[in-house]
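Novice: Structure provided below as structure tokens; questions to follow.
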Amino acid sequence: MISSELLAKVASGLLETHAQFDNISQINTARVLEAFRKHRVSDACFAGTTGYGYNDHGRDVLEKCMADIMGAEAALMRVQFVSGTHTIACALCGILRPNDVLLSVTGTPYDTLHGVIGSPLRTPTDGAALSDFGVLYREVALLGDGTPDYANIQTAVQGVKAVLIQRSRGYSDRPALGIETVAALVRVIRAANSACCILVDNCYCEFVSSVEPCMVGADLVMGSLIKNPGGGLAPTGGYVAGRADLVQLTAQRLTAPGIGAECGSSLGQNRLLYQGLFMAPHTVAQALKTVSFAAALLTELGYTTDPAPNAVRADIIQMLHFNDAEAVISFCRGIQAGSPVDAFAVPEPGDMPGYDSPVIMAAGTFIQGGSIELSCDAPMRPPFTAYLQGGLTYEAGRYGVINAVNAMLGQQQ
Ligand SMILES: *Cc1c(COP(=O)(O)O)cnc(C)c1O
């Protein structure tokens, strides 16, 4: 069992870091409130539409708010986006044309995008990938220390139509990109190719800093509403925000050319999207407190973590290296048992498409797959790393993490 002395030591070591999360949440909350005031959010915005969804006042006002919050000209924030992958796919398919080149400057993108891009990331394709339409793909790997390879990017970006920057580590072993790094990338890319579209996969990074990518010159950000910007309340959906022409092209792909953003009924979900966006800066701070607490506690117990407990963070993902199969299994089971939903379930490692080893997954969430809620995944291979994220409240997140560590320590006895 974890002693109360150890918990007190961990708490005092996190004071400044947690105060910093609160400070960022304060700044971001002010930006949300200012946007809501400017665009006159009122009760009338929460009414939904059905059918075509023409003149959905709440949806249109929400998108104006989201644009301002993201420092963008325009935004699309819809329940019709089924996931983050679908959102990014709509943007890529909307913007790229045959013979255009898409260049990823942060190495190989998130797994689920391989099917969207197609060859050479996934062959054979499903027949509907960007490569099946003659869109070409190239990438520049990150350097060994996880920083962008600016020298190679400068050359590779010549003549390309769009650049993809993935900020979050996702489920790879590399650091998330802070907003200063996004800014540096934008400067280098613009200097070498002023015409290209700079697209940012912002999943897991919204509201972690007080500055968002469009504020430092990115053309479009894209993300999921069952992660950070949904605040744990959005039932489903995605968003893009950025240059009005690129948002429009994404809308033409989400619905149909000629229809764009005009259609798409909000199905009575507007209030949850507003309330989720209102909560999001705070919820992200709760998630950051939870994962930094896990990092601090496990560091005290002799494990290594990435990021370190008090590191400046750019996403909400925490890597915990257990170096032991039994330890990672019991930790994940403890997270599950410490969750508000499905706490009785006992996760088992299982095969997952796209992984060459079994994966154990713990998630007891209100929203299916909602990873702004406390959740943990671990591929069963050395160094037996668990990827921990989320936590709607620090109280519940801390409880889940303590439960997980106690489960692990109990199993070791
Ligand atoms: C979550 C995520 C996505 C999209 O994933 P979905 O599961 O489709 O929502 C894309 N990129 C990154 C980096 C992500 O973390």
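How things are named: the first chain in the structure tokens is A, the next is B, and so on; residues count from 1 in each chain; ligands count from 1 in the order shown.
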I want to know what sits within 7 Å of Arg78 in chain A, based on only C-alpha atoms, with residues of the same chain fewer than 6 positions away left out; could you give that as a compact mmCIF listing (two decimals) with N, CA and C atoms, in the first residue's frame?
Specialist:
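Saved as around-v7.txt:
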# COMPACT_ATOMS: atom_id res chain seq x y z
N GLY A 237 -18.03 13.63 -32.30
CA GLY A 237 -17.78 14.76 -33.19
C GLY A 237 -16.31 15.11 -33.35
N GLY A 238 -16.11 16.11 -34.22
CA GLY A 238 -14.76 16.60 -34.49
C GLY A 238 -14.82 18.06 -34.87
N TYR A 239 -13.64 18.67 -35.02
CA TYR A 239 -13.61 20.08 -35.43
C TYR A 239 -12.41 20.33 -36.33
Novice: Neighbouring residues of ligand 1 are defined here as those with any atom at most 6 Å from a ligand atom, counting only C-alpha atoms and all ligand atoms; list them as a PyMOL selection string.
Specialist: chain A and resi 83-85+110+166+168+170+201+203-204+224
Novice: Restricting the output to all heavy atoms, write the selected residues as a PDB file, in the first residue's frame.
Specialist:
ATOM      1  N   SER A  83     -15.159  10.729 -35.873  1.00  0.00           N
ATOM      2  CA  SER A  83     -13.946  10.536 -35.055  1.00  0.00           C
ATOM      3  C   SER A  83     -12.911  11.562 -35.493  1.00  0.00           C
ATOM      4  O   SER A  83     -13.107  12.290 -36.467  1.00  0.00           O
ATOM      5  CB  SER A  83     -13.374   9.137 -35.280  1.00  0.00           C
ATOM      6  OG  SER A  83     -12.934   9.013 -36.626  1.00  0.00           O
ATOM      7  N   GLY A  84     -11.794  11.558 -34.792  1.00  0.00           N
ATOM      8  CA  GLY A  84     -10.678  12.424 -35.201  1.00  0.00           C
ATOM      9  C   GLY A  84     -10.162  12.030 -36.568  1.00  0.00           C
ATOM     10  O   GLY A  84      -9.873  12.888 -37.415  1.00  0.00           O
ATOM     11  N   THR A  85     -10.066  10.735 -36.802  1.00  0.00           N
ATOM     12  CA  THR A  85      -9.575  10.255 -38.102  1.00  0.00           C
ATOM     13  C   THR A  85     -10.471  10.745 -39.234  1.00  0.00           C
ATOM     14  O   THR A  85      -9.981  11.213 -40.273  1.00  0.00           O
ATOM     15  CB  THR A  85      -9.551   8.712 -38.112  1.00  0.00           C
ATOM     16  OG1 THR A  85      -8.755   8.274 -37.010  1.00  0.00           O
ATOM     17  CG2 THR A  85      -8.988   8.169 -39.405  1.00  0.00           C
ATOM     18  N   TYR A 110      -0.093   9.132 -37.150  1.00  0.00           N
ATOM     19  CA  TYR A 110      -0.911   8.254 -36.314  1.00  0.00           C
ATOM     20  C   TYR A 110      -1.472   7.102 -37.144  1.00  0.00           C
ATOM     21  O   TYR A 110      -1.894   7.276 -38.287  1.00  0.00           O
ATOM     22  CB  TYR A 110      -2.056   9.110 -35.764  1.00  0.00           C
ATOM     23  CG  TYR A 110      -2.819   8.556 -34.596  1.00  0.00           C
ATOM     24  CD1 TYR A 110      -2.240   8.485 -33.344  1.00  0.00           C
ATOM     25  CD2 TYR A 110      -4.145   8.150 -34.739  1.00  0.00           C
ATOM     26  CE1 TYR A 110      -2.957   8.016 -32.263  1.00  0.00           C
ATOM     27  CE2 TYR A 110      -4.878   7.678 -33.666  1.00  0.00           C
ATOM     28  CZ  TYR A 110      -4.273   7.606 -32.430  1.00  0.00           C
ATOM     29  OH  TYR A 110      -4.994   7.139 -31.358  1.00  0.00           O
ATOM     30  N   GLN A 166       1.966  16.546 -36.823  1.00  0.00           N
ATOM     31  CA  GLN A 166       1.257  15.875 -35.722  1.00  0.00           C
ATOM     32  C   GLN A 166       1.910  16.300 -34.416  1.00  0.00           C
ATOM     33  O   GLN A 166       3.090  16.065 -34.195  1.00  0.00           O
ATOM     34  CB  GLN A 166       1.325  14.358 -35.880  1.00  0.00           C
ATOM     35  CG  GLN A 166       0.629  13.627 -34.728  1.00  0.00           C
ATOM     36  CD  GLN A 166       0.793  12.116 -34.815  1.00  0.00           C
ATOM     37  OE1 GLN A 166       0.623  11.529 -35.878  1.00  0.00           O
ATOM     38  NE2 GLN A 166       1.135  11.490 -33.702  1.00  0.00           N
ATOM     39  N   SER A 168       0.805  15.566 -31.026  1.00  0.00           N
ATOM     40  CA  SER A 168       0.825  14.615 -29.912  1.00  0.00           C
ATOM     41  C   SER A 168       1.751  13.449 -30.209  1.00  0.00           C
ATOM     42  O   SER A 168       1.968  13.098 -31.362  1.00  0.00           O
ATOM     43  CB  SER A 168      -0.580  14.090 -29.664  1.00  0.00           C
ATOM     44  OG  SER A 168      -0.547  13.028 -28.739  1.00  0.00           O
ATOM     45  N   GLY A 170       0.824  10.621 -29.665  1.00  0.00           N
ATOM     46  CA  GLY A 170      -0.042   9.501 -30.045  1.00  0.00           C
ATOM     47  C   GLY A 170       0.388   8.304 -29.230  1.00  0.00           C
ATOM     48  O   GLY A 170       0.558   8.395 -28.015  1.00  0.00           O
ATOM     49  N   ASP A 201      -2.438  18.249 -36.961  1.00  0.00           N
ATOM     50  CA  ASP A 201      -3.206  17.273 -36.172  1.00  0.00           C
ATOM     51  C   ASP A 201      -3.027  17.698 -34.714  1.00  0.00           C
ATOM     52  O   ASP A 201      -1.969  17.504 -34.125  1.00  0.00           O
ATOM     53  CB  ASP A 201      -2.643  15.868 -36.432  1.00  0.00           C
ATOM     54  CG  ASP A 201      -3.330  14.797 -35.589  1.00  0.00           C
ATOM     55  OD1 ASP A 201      -4.073  15.151 -34.647  1.00  0.00           O
ATOM     56  OD2 ASP A 201      -3.096  13.598 -35.867  1.00  0.00           O
ATOM     57  N   CYS A 203      -4.873  16.750 -32.113  1.00  0.00           N
ATOM     58  CA  CYS A 203      -5.480  15.801 -31.158  1.00  0.00           C
ATOM     59  C   CYS A 203      -4.668  15.718 -29.878  1.00  0.00           C
ATOM     60  O   CYS A 203      -3.441  15.581 -29.937  1.00  0.00           O
ATOM     61  CB  CYS A 203      -5.540  14.400 -31.776  1.00  0.00           C
ATOM     62  SG  CYS A 203      -6.900  14.182 -32.936  1.00  0.00           S
ATOM     63  N   TYR A 204      -5.331  15.765 -28.757  1.00  0.00           N
ATOM     64  CA  TYR A 204      -4.735  15.666 -27.412  1.00  0.00           C
ATOM     65  C   TYR A 204      -3.989  16.918 -26.970  1.00  0.00           C
ATOM     66  O   TYR A 204      -3.438  16.936 -25.867  1.00  0.00           O
ATOM     67  CB  TYR A 204      -3.778  14.465 -27.291  1.00  0.00           C
ATOM     68  CG  TYR A 204      -4.434  13.125 -27.187  1.00  0.00           C
ATOM     69  CD1 TYR A 204      -3.970  12.048 -27.946  1.00  0.00           C
ATOM     70  CD2 TYR A 204      -5.495  12.903 -26.328  1.00  0.00           C
ATOM     71  CE1 TYR A 204      -4.552  10.791 -27.847  1.00  0.00           C
ATOM     72  CE2 TYR A 204      -6.089  11.653 -26.215  1.00  0.00           C
ATOM     73  CZ  TYR A 204      -5.610  10.609 -26.972  1.00  0.00           C
ATOM     74  OH  TYR A 204      -6.173   9.366 -26.866  1.00  0.00           O
ATOM     75  N   SER A 224     -10.508  15.874 -32.388  1.00  0.00           N
ATOM     76  CA  SER A 224     -11.664  15.068 -31.999  1.00  0.00           C
ATOM     77  C   SER A 224     -12.385  15.697 -30.818  1.00  0.00           C
ATOM     78  O   SER A 224     -11.745  16.216 -29.905  1.00  0.00           O
ATOM     79  CB  SER A 224     -11.163  13.673 -31.610  1.00  0.00           C
ATOM     80  OG  SER A 224     -12.153  12.984 -30.864  1.00  0.00           O
TER      81      SER A 224
END
Novice: May I have the residues within 12 Å of Val186 in chain A as a PyMOL selection string, using only C-alpha atoms and disregarding those fewer than 6 positions away in the same chain?
Specialist: chain A and resi 105+148+150+153-154+157+163-165+179-180+192-200+213-220
Novice: With a distance cut-off of 7 Å and only C-alpha atoms, select the neighbouring residues of Asn403 in chain A, excluding the residue or stretch itself and same-chain residues fewer than 4 positions from it, and output the selection as a list in words.
Specialist: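 Answer for this query is Gly334, Ile335, Gly338, Tyr399 and Ala407 of chain A.
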Novice: If you run DSSP over the backbone, which residues in range 92-251 of chain A end up strand (DSSP E)? Put them as a PyMOL selection string.
Specialist: chain A and resi 101-104+136-139+162-166+197-201+220-224+238-242
Novice: Counting only C-alpha atoms, which of A:Thr112, A:Val101, A:Val182, A:Thr29 gets nearest to Arg138 in chain A?
Specialist: A:Val101
Novice: What gap, in Å, lies between CA of Asp43 in chain A and CA of Gln269 in chain A?
Specialist: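 It comes out at 13.0 Å.
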Novice: In Å, rounded to a single decimal, give me how far CA of Ala308 in chain A is from CA of Ala325 in chain A.
Specialist: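 Between CA of Ala325 in chain A and CA of Ala308 in chain A the gap works out to 21.7 Å.
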Novice: Considering only C-alpha atoms, can you say which of A:Gly115, A:Gly364, A:Gly146, A:Gly127 comes closest to Arg169 in chain A?
Specialist: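 For Arg169 in chain A, the nearest of the candidates is A:Gly146.
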Novice: Report as a PDB file with N, CA and C atoms, in the first residue's frame all protein, DNA and RNA residues lying within 9 Å of Leu102 in chain A, evaluated on only C-alpha atoms, omitting residues in the same chain fewer than 2 positions from it.
Specialist:
ATOM      1  N   LEU A  92      -8.021  16.433 -45.392  1.00  0.00           N
ATOM      2  CA  LEU A  92      -7.020  16.036 -46.396  1.00  0.00           C
ATOM      3  C   LEU A  92      -7.680  15.811 -47.752  1.00  0.00           C
ATOM      4  N   LEU A  96      -6.551  18.206 -50.902  1.00  0.00           N
ATOM      5  CA  LEU A  96      -5.563  17.658 -51.845  1.00  0.00           C
ATOM      6  C   LEU A  96      -6.212  17.200 -53.148  1.00  0.00           C
ATOM      7  N   ASP A 100      -0.960  16.288 -56.249  1.00  0.00           N
ATOM      8  CA  ASP A 100      -0.477  17.092 -55.123  1.00  0.00           C
ATOM      9  C   ASP A 100       0.359  16.193 -54.214  1.00  0.00           C
ATOM     10  N   SER A 104       4.471  14.855 -44.535  1.00  0.00           N
ATOM     11  CA  SER A 104       4.445  14.834 -43.073  1.00  0.00           C
ATOM     12  C   SER A 104       5.835  15.216 -42.585  1.00  0.00           C
ATOM     13  N   ILE A 117      -4.226   7.825 -46.015  1.00  0.00           N
ATOM     14  CA  ILE A 117      -3.173   8.250 -46.943  1.00  0.00           C
ATOM     15  C   ILE A 117      -2.916   7.162 -47.985  1.00  0.00           C
ATOM     16  N   VAL A 135      -2.877  11.208 -55.097  1.00  0.00           N
ATOM     17  CA  VAL A 135      -2.198  12.137 -54.183  1.00  0.00           C
ATOM     18  C   VAL A 135      -0.934  11.450 -53.673  1.00  0.00           C
ATOM     19  N   LEU A 136       0.175  12.164 -53.737  1.00  0.00           N
ATOM     20  CA  LEU A 136       1.467  11.579 -53.359  1.00  0.00           C
ATOM     21  C   LEU A 136       1.781  11.921 -51.912  1.00  0.00           C
ATOM     22  N   TYR A 137       2.504  11.019 -51.265  1.00  0.00           N
ATOM     23  CA  TYR A 137       2.829  11.224 -49.851  1.00  0.00           C
ATOM     24  C   TYR A 137       4.334  11.074 -49.637  1.00  0.00           C
ATOM     25  N   ARG A 138       4.884  11.991 -48.856  1.00  0.00           N
ATOM     26  CA  ARG A 138       6.287  11.868 -48.436  1.00  0.00           C
ATOM     27  C   ARG A 138       6.389  12.242 -46.968  1.00  0.00           C
ATOM     28  N   GLU A 139       7.453  11.803 -46.316  1.00  0.00           N
ATOM     29  CA  GLU A 139       7.625  12.216 -44.914  1.00  0.00           C
ATOM     30  C   GLU A 139       9.074  12.511 -44.596  1.00  0.00           C
ATOM     31  N   VAL A 160       5.453  21.199 -52.442  1.00  0.00           N
ATOM     32  CA  VAL A 160       4.350  20.396 -51.893  1.00  0.00           C
ATOM     33  C   VAL A 160       3.112  21.261 -51.682  1.00  0.00           C
ATOM     34  N   LYS A 161       1.947  20.602 -51.747  1.00  0.00           N
ATOM     35  CA  LYS A 161       0.683  21.319 -51.573  1.00  0.00           C
ATOM     36  C   LYS A 161       0.354  21.518 -50.098  1.00  0.00           C
ATOM     37  N   ALA A 162       0.584  20.456 -49.296  1.00  0.00           N
ATOM     38  CA  ALA A 162       0.211  20.549 -47.881  1.00  0.00           C
ATOM     39  C   ALA A 162       1.226  19.838 -47.008  1.00  0.00           C
ATOM     40  N   VAL A 163       1.402  20.410 -45.820  1.00  0.00           N
ATOM     41  CA  VAL A 163       2.305  19.822 -44.834  1.00  0.00           C
ATOM     42  C   VAL A 163       1.458  19.380 -43.649  1.00  0.00           C
ATOM     43  N   LEU A 164       1.745  18.194 -43.122  1.00  0.00           N
ATOM     44  CA  LEU A 164       1.038  17.700 -41.943  1.00  0.00           C
ATOM     45  C   LEU A 164       1.987  17.697 -40.747  1.00  0.00           C
TER      46      LEU A 164
END
Novice: What is the CA of Ala176 in chain A-CA of Ser371 in chain A distance in Å, reported with one decimal?
Specialist: 16.5 Å
Novice: Rank nothing, just name the residue among A:Ala256, A:Ala337, A:Cys205, A:Ala343 nearest to Met70 in chain A, using only C-alpha atoms.
Specialist: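 Nearest candidate to Met70 in chain A out of A:Ala256, A:Ala337, A:Cys205, A:Ala343: A:Cys205.
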Novice: Determine, counting only C-alpha atoms, which protein, DNA and RNA residues have an atom within 9 Å of an atom of Ser119 in chain A; residues of the same chain fewer than 6 positions away are not included. Present the result as a VMD selection string.
Specialist: chain A and resid 125 129 to 132 136 to 137
Novice: Identify, with DSSP run on backbone atoms, the residues in range 41-212 of chain A assigned to helix (DSSP H, G or I), and express the list as JSON, numbers by chain.
Specialist: {"A": [43, 44, 45, 46, 57, 58, 59, 60, 61, 62, 63, 64, 65, 66, 67, 68, 69, 84, 85, 86, 87, 88, 89, 90, 91, 92, 93, 94, 95, 111, 112, 113, 114, 115, 116, 117, 130, 131, 132, 133, 150, 151, 152, 153, 154, 155, 156, 179, 180, 181, 182, 183, 184, 185, 186, 187, 188, 189, 190, 191, 192]}
Novice: Would you mind exporting C-alpha atoms of the selected residues as a JSON list (two decimals), in the first residue's frame?
Specialist:
[["chain", "number", "residue", "atom", "x", "y", "z"],
["A", 43, "ASP", "CA", -30.48, 29.68, -24.50],
["A", 44, "ALA", "CA", -31.71, 29.89, -28.08],
["A", 45, "CYS", "CA", -28.38, 28.39, -29.22],
["A", 46, "PHE", "CA", -29.16, 25.13, -27.44],
["A", 57, "HIS", "CA", -28.37, 29.03, -35.23],
["A", 58, "GLY", "CA", -26.68, 27.23, -32.32],
["A", 59, "ARG", "CA", -24.35, 25.31, -34.62],
["A", 60, "ASP", "CA", -23.36, 28.43, -36.56],
["A", 61, "VAL", "CA", -22.69, 30.48, -33.39],
["A", 62, "LEU", "CA", -20.71, 27.60, -31.87],
["A", 63, "GLU", "CA", -18.48, 27.51, -34.93],
["A", 64, "LYS", "CA", -17.87, 31.26, -34.71],
["A", 65, "CYS", "CA", -16.89, 30.83, -31.06],
["A", 66, "MET", "CA", -14.57, 27.91, -31.88],
["A", 67, "ALA", "CA", -12.89, 29.94, -34.63],
["A", 68, "ASP", "CA", -12.12, 32.76, -32.17],
["A", 69, "ILE", "CA", -10.97, 30.39, -29.44],
["A", 84, "GLY", "CA", -10.68, 12.42, -35.20],
["A", 85, "THR", "CA", -9.57, 10.26, -38.10],
["A", 86, "HIS", "CA", -12.72, 11.10, -40.08],
["A", 87, "THR", "CA", -12.19, 14.81, -39.38],
["A", 88, "ILE", "CA", -8.58, 14.72, -40.59],
["A", 89, "ALA", "CA", -9.62, 12.60, -43.60],
["A", 90, "CYS", "CA", -12.26, 15.19, -44.60],
["A", 91, "ALA", "CA", -9.66, 17.96, -44.43],
["A", 92, "LEU", "CA", -7.02, 16.04, -46.40],
["A", 93, "CYS", "CA", -9.49, 14.78, -49.02],
["A", 94, "GLY", "CA", -11.02, 18.25, -49.27],
["A", 95, "ILE", "CA", -7.72, 20.06, -49.81],
["A", 111, "ASP", "CA", -1.87, 4.68, -37.20],
["A", 112, "THR", "CA", -5.46, 5.29, -38.25],
["A", 113, "LEU", "CA", -4.30, 7.81, -40.87],
["A", 114, "HIS", "CA", -2.34, 5.17, -42.80],
["A", 115, "GLY", "CA", -5.54, 3.87, -44.39],
["A", 116, "VAL", "CA", -6.52, 7.45, -45.31],
["A", 117, "ILE", "CA", -3.17, 8.25, -46.94],
["A", 130, "LEU", "CA", -5.66, 9.45, -51.12],
["A", 131, "SER", "CA", -3.04, 7.46, -53.05],
["A", 132, "ASP", "CA", -5.85, 5.83, -55.09],
["A", 133, "PHE", "CA", -6.73, 9.36, -56.24],
["A", 150, "TYR", "CA", 14.54, 21.45, -40.07],
["A", 151, "ALA", "CA", 17.36, 21.11, -42.61],
["A", 152, "ASN", "CA", 15.66, 18.24, -44.45],
["A", 153, "ILE", "CA", 12.22, 19.82, -44.12],
["A", 154, "GLN", "CA", 13.48, 22.95, -45.89],
["A", 155, "THR", "CA", 14.31, 20.92, -49.00],
["A", 156, "ALA", "CA", 11.48, 18.39, -48.83],
["A", 179, "ILE", "CA", 3.62, 25.42, -29.47],
["A", 180, "GLU", "CA", 7.12, 26.99, -29.84],
["A", 181, "THR", "CA", 8.11, 24.02, -32.01],
["A", 182, "VAL", "CA", 4.96, 24.43, -34.13],
["A", 183, "ALA", "CA", 5.88, 28.12, -34.50],
["A", 184, "ALA", "CA", 9.45, 27.25, -35.53],
["A", 185, "LEU", "CA", 8.15, 24.70, -38.07],
["A", 186, "VAL", "CA", 5.74, 27.28, -39.52],
["A", 187, "ARG", "CA", 8.61, 29.77, -39.96],
["A", 188, "VAL", "CA", 10.87, 27.25, -41.70],
["A", 189, "ILE", "CA", 8.08, 25.88, -43.93],
["A", 190, "ARG", "CA", 6.78, 29.34, -44.95],
["A", 191, "ALA", "CA", 10.28, 30.58, -45.76],
["A", 192, "ALA", "CA", 10.85, 27.62, -48.10]]
Novice: Restricting the calculation to only C-alpha atoms, which member of A:Ser357, A:Ser265, A:Gln389, A:Asn99 is positioned closest to Ser292 in chain A?
Specialist: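 Among the listed residues, A:Gln389 lies closest to Ser292 in chain A.
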Novice: For a quick check of understanding, using only C-alpha atoms, which of A:Leu320, A:Leu225, A:Ala314, A:Asn23 has the smallest distance to Leu298 in chain A?
Specialist: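 Once distances to Leu298 in chain A are computed over only C-alpha atoms, the minimum belongs to A:Leu320.
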Novice: Write out as number ranges by chain each polymer residue whose atoms come within 8 Å of Cys376 in chain A, counting only C-alpha atoms; drop sequence neighbours fewer than 5 positions from it.
Specialist: A: 332, 335, 361-363, 386-389
Novice: Counting only C-alpha atoms, which of A:Leu301, A:Ala327, A:Val341, A:Ile317 gets nearest to Leu6 in chain A?
Specialist: A:Leu301
